[in-house]
Amino acid sequence: MAPRPDRYTVDEAARIVGLPVPRLRRWAREGFIRPSLPGPGRGACYSFQDLVGLRTAKSLLDHGIPLRRVRRSIGSLRQHLPEFQGDLSRLRIFADGQRLVVGHRTFLLDPLTGQLLLDFRGRRDGPQVQGLGRSRELAEEWFRRGLAADGDPARQGRALEAYQRAVELDPGHADAHINLGTLHYDLGQMAEARTHYERAIEADPRNALAHYNLGNVLDEEGDLEGAIAVFRRALALAPGYANAHYNLAIVYEKRGQQSQARRHWRAYLTLDPDSPWSRYARERLTRPERGQPERR
């Protein structure tokens, strides 16, 4: 059995959690979520705990929560849970109706208000809910195994198996479906990728990342109208989703809708002006008729 990697570069972490590298670097500079392990030279690497923390923060963002409120939520958690100390890996984010809830051990908390919530479901539903809870715990364990293998190209098959096991145990595990979809996408298996992104959306209709990834698949398959609709839905859920603006601009250009494309190039540059792709976006604003778009 290959040893589990114990540290991840910023590029590896960005790919695994589905966030752009510039955002991770900005978060690190601002002290929000920093890589906690020493890296090559003077660099730093993310630990597995850091990866889970990044995914937890991203889950809040995918539900349309602005970053400033995510930061406030983390502060609220520290205030109400002194033992938390910023370790996001012990938290589980999920939707309870229209409200976002953080599960922490034996109780629930509204991350936006800091209000502690009572959970009567275990008492009311009895053994069936406890059994379901156990399945979800096992699914989460398989999901974490998938995350651990996901950063190593040589263990891609193991990551696929782990995520697949997670969704078998918990068909509503949106993050596992998203990661499965991404692995299939990277393998060029668009039908499988689309299926998992669609299942992620069924499980979590407010997940902007699932919509964004589905939009990329539809674009690859030539369904430009479908891709536009899905990218627009991602932006309705998370207006600050820079990559969705970028790829939506690409699709509009393919359809010859230059004015719509320019609007989204501008939005992208406003949100992520220093990214490696910002130069290309600026070129499209000055010479929209030239070149083929480069996908994010």
# chains A, B, ... in the order shown; residues from 1 in each chain; ligands from 1

$ closest_atom_pairs --of "region 11-73 of chain A" --to "region 165-178 of chain A" --cutoff "12 Å" --atoms "only C-alpha atoms" --output "tab-separated table"
residue	atom	partner	partner_atom	distance
A:Ile16	CA	A:Ile178	CA	10.6
A:Val17	CA	A:Asp175	CA	9.5
A:Gly18	CA	A:Ile178	CA	9.4
A:Val52	CA	A:Asp175	CA	11.4
A:Arg55	CA	A:Asp175	CA	8.8
A:Thr56	CA	A:Asp175	CA	10.2
A:Lys58	CA	A:Asp175	CA	10.5
A:Ser59	CA	A:Asp175	CA	8.7
A:Asp62	CA	A:Asp175	CA	10.8

$ write_last_selection --atoms "C-alpha atoms" --output "compact mmCIF listing (two decimals), in the first residue's frame"
# COMPACT_ATOMS: atom_id res chain seq x y z
CA ILE A 16 -8.30 18.73 -4.88
CA VAL A 17 -10.64 21.23 -3.25
CA GLY A 18 -11.71 22.98 -6.45
CA VAL A 52 -10.66 19.56 4.88
CA ARG A 55 -13.36 22.33 1.60
CA THR A 56 -15.49 23.38 4.56
CA LYS A 58 -15.65 26.43 0.16
CA SER A 59 -18.89 24.68 1.08
CA ASP A 62 -20.78 27.37 -2.69

$ atom_distance --atom1 "CA of Leu51 (chain A)" --atom2 "CA of Ala13 (chain A)"
6.6 Å

$ atom_distance --atom1 "CA of Arg71 (chain A)" --atom2 "CA of Arg34 (chain A)"
13.5 Å

$ residues_around --residues "Gly181 (chain A)" --least-positions-apart "4" --cutoff "9 Å" --atoms "only C-alpha atoms" --output "list in words"
Ala176, His177, Tyr185, Asp186, Gln189, Met190, Glu192, Ala193, Arg194, Thr195, His196, Tyr197, Asn213 and Leu214 of chain A

$ write_last_selection --atoms "C-alpha atoms" --output "PDB file, in the first residue's frame"
ATOM      1  CA  ALA A 176     -18.131  13.092  -3.197  1.00  0.00           C
ATOM      2  CA  HIS A 177     -20.232  13.317  -6.359  1.00  0.00           C
ATOM      3  CA  TYR A 185     -13.850  14.785 -16.399  1.00  0.00           C
ATOM      4  CA  ASP A 186     -10.043  14.643 -16.192  1.00  0.00           C
ATOM      5  CA  GLN A 189     -15.357  10.492 -19.445  1.00  0.00           C
ATOM      6  CA  MET A 190     -17.929  13.228 -19.950  1.00  0.00           C
ATOM      7  CA  GLU A 192     -19.931   9.857 -16.139  1.00  0.00           C
ATOM      8  CA  ALA A 193     -18.822  13.340 -15.097  1.00  0.00           C
ATOM      9  CA  ARG A 194     -22.196  14.799 -16.077  1.00  0.00           C
ATOM     10  CA  THR A 195     -24.064  12.119 -14.116  1.00  0.00           C
ATOM     11  CA  HIS A 196     -22.176  12.845 -10.910  1.00  0.00           C
ATOM     12  CA  TYR A 197     -22.497  16.615 -11.242  1.00  0.00           C
ATOM     13  CA  ASN A 213     -18.622  21.952 -13.304  1.00  0.00           C
ATOM     14  CA  LEU A 214     -21.743  20.757 -15.103  1.00  0.00           C
TER      15      LEU A 214
END

$ atom_distance --atom1 "CA of Leu271 (chain A)" --atom2 "CA of Pro239 (chain A)"
9.9 Å

$ residues_around --residues "Tyr212 (chain A)" --least-positions-apart "3" --cutoff "8 Å" --atoms "only C-alpha atoms" --output "list in words"
Ala208, Leu209, Gly215, Asn216, Val230, Phe231, Ala234 and Ala244 of chain A

$ write_last_selection --atoms "C-alpha atoms" --output "PDB file, in the first residue's frame"
ATOM      1  CA  ALA A 208     -22.531  26.636  -7.164  1.00  0.00           C
ATOM      2  CA  LEU A 209     -19.471  24.476  -7.840  1.00  0.00           C
ATOM      3  CA  GLY A 215     -21.525  23.848 -17.292  1.00  0.00           C
ATOM      4  CA  ASN A 216     -17.992  22.858 -18.321  1.00  0.00           C
ATOM      5  CA  VAL A 230     -26.010  26.297 -15.831  1.00  0.00           C
ATOM      6  CA  PHE A 231     -23.237  28.892 -15.560  1.00  0.00           C
ATOM      7  CA  ALA A 234     -23.958  29.115 -10.609  1.00  0.00           C
ATOM      8  CA  ALA A 244     -17.957  31.036 -13.708  1.00  0.00           C
TER       9      ALA A 244
END
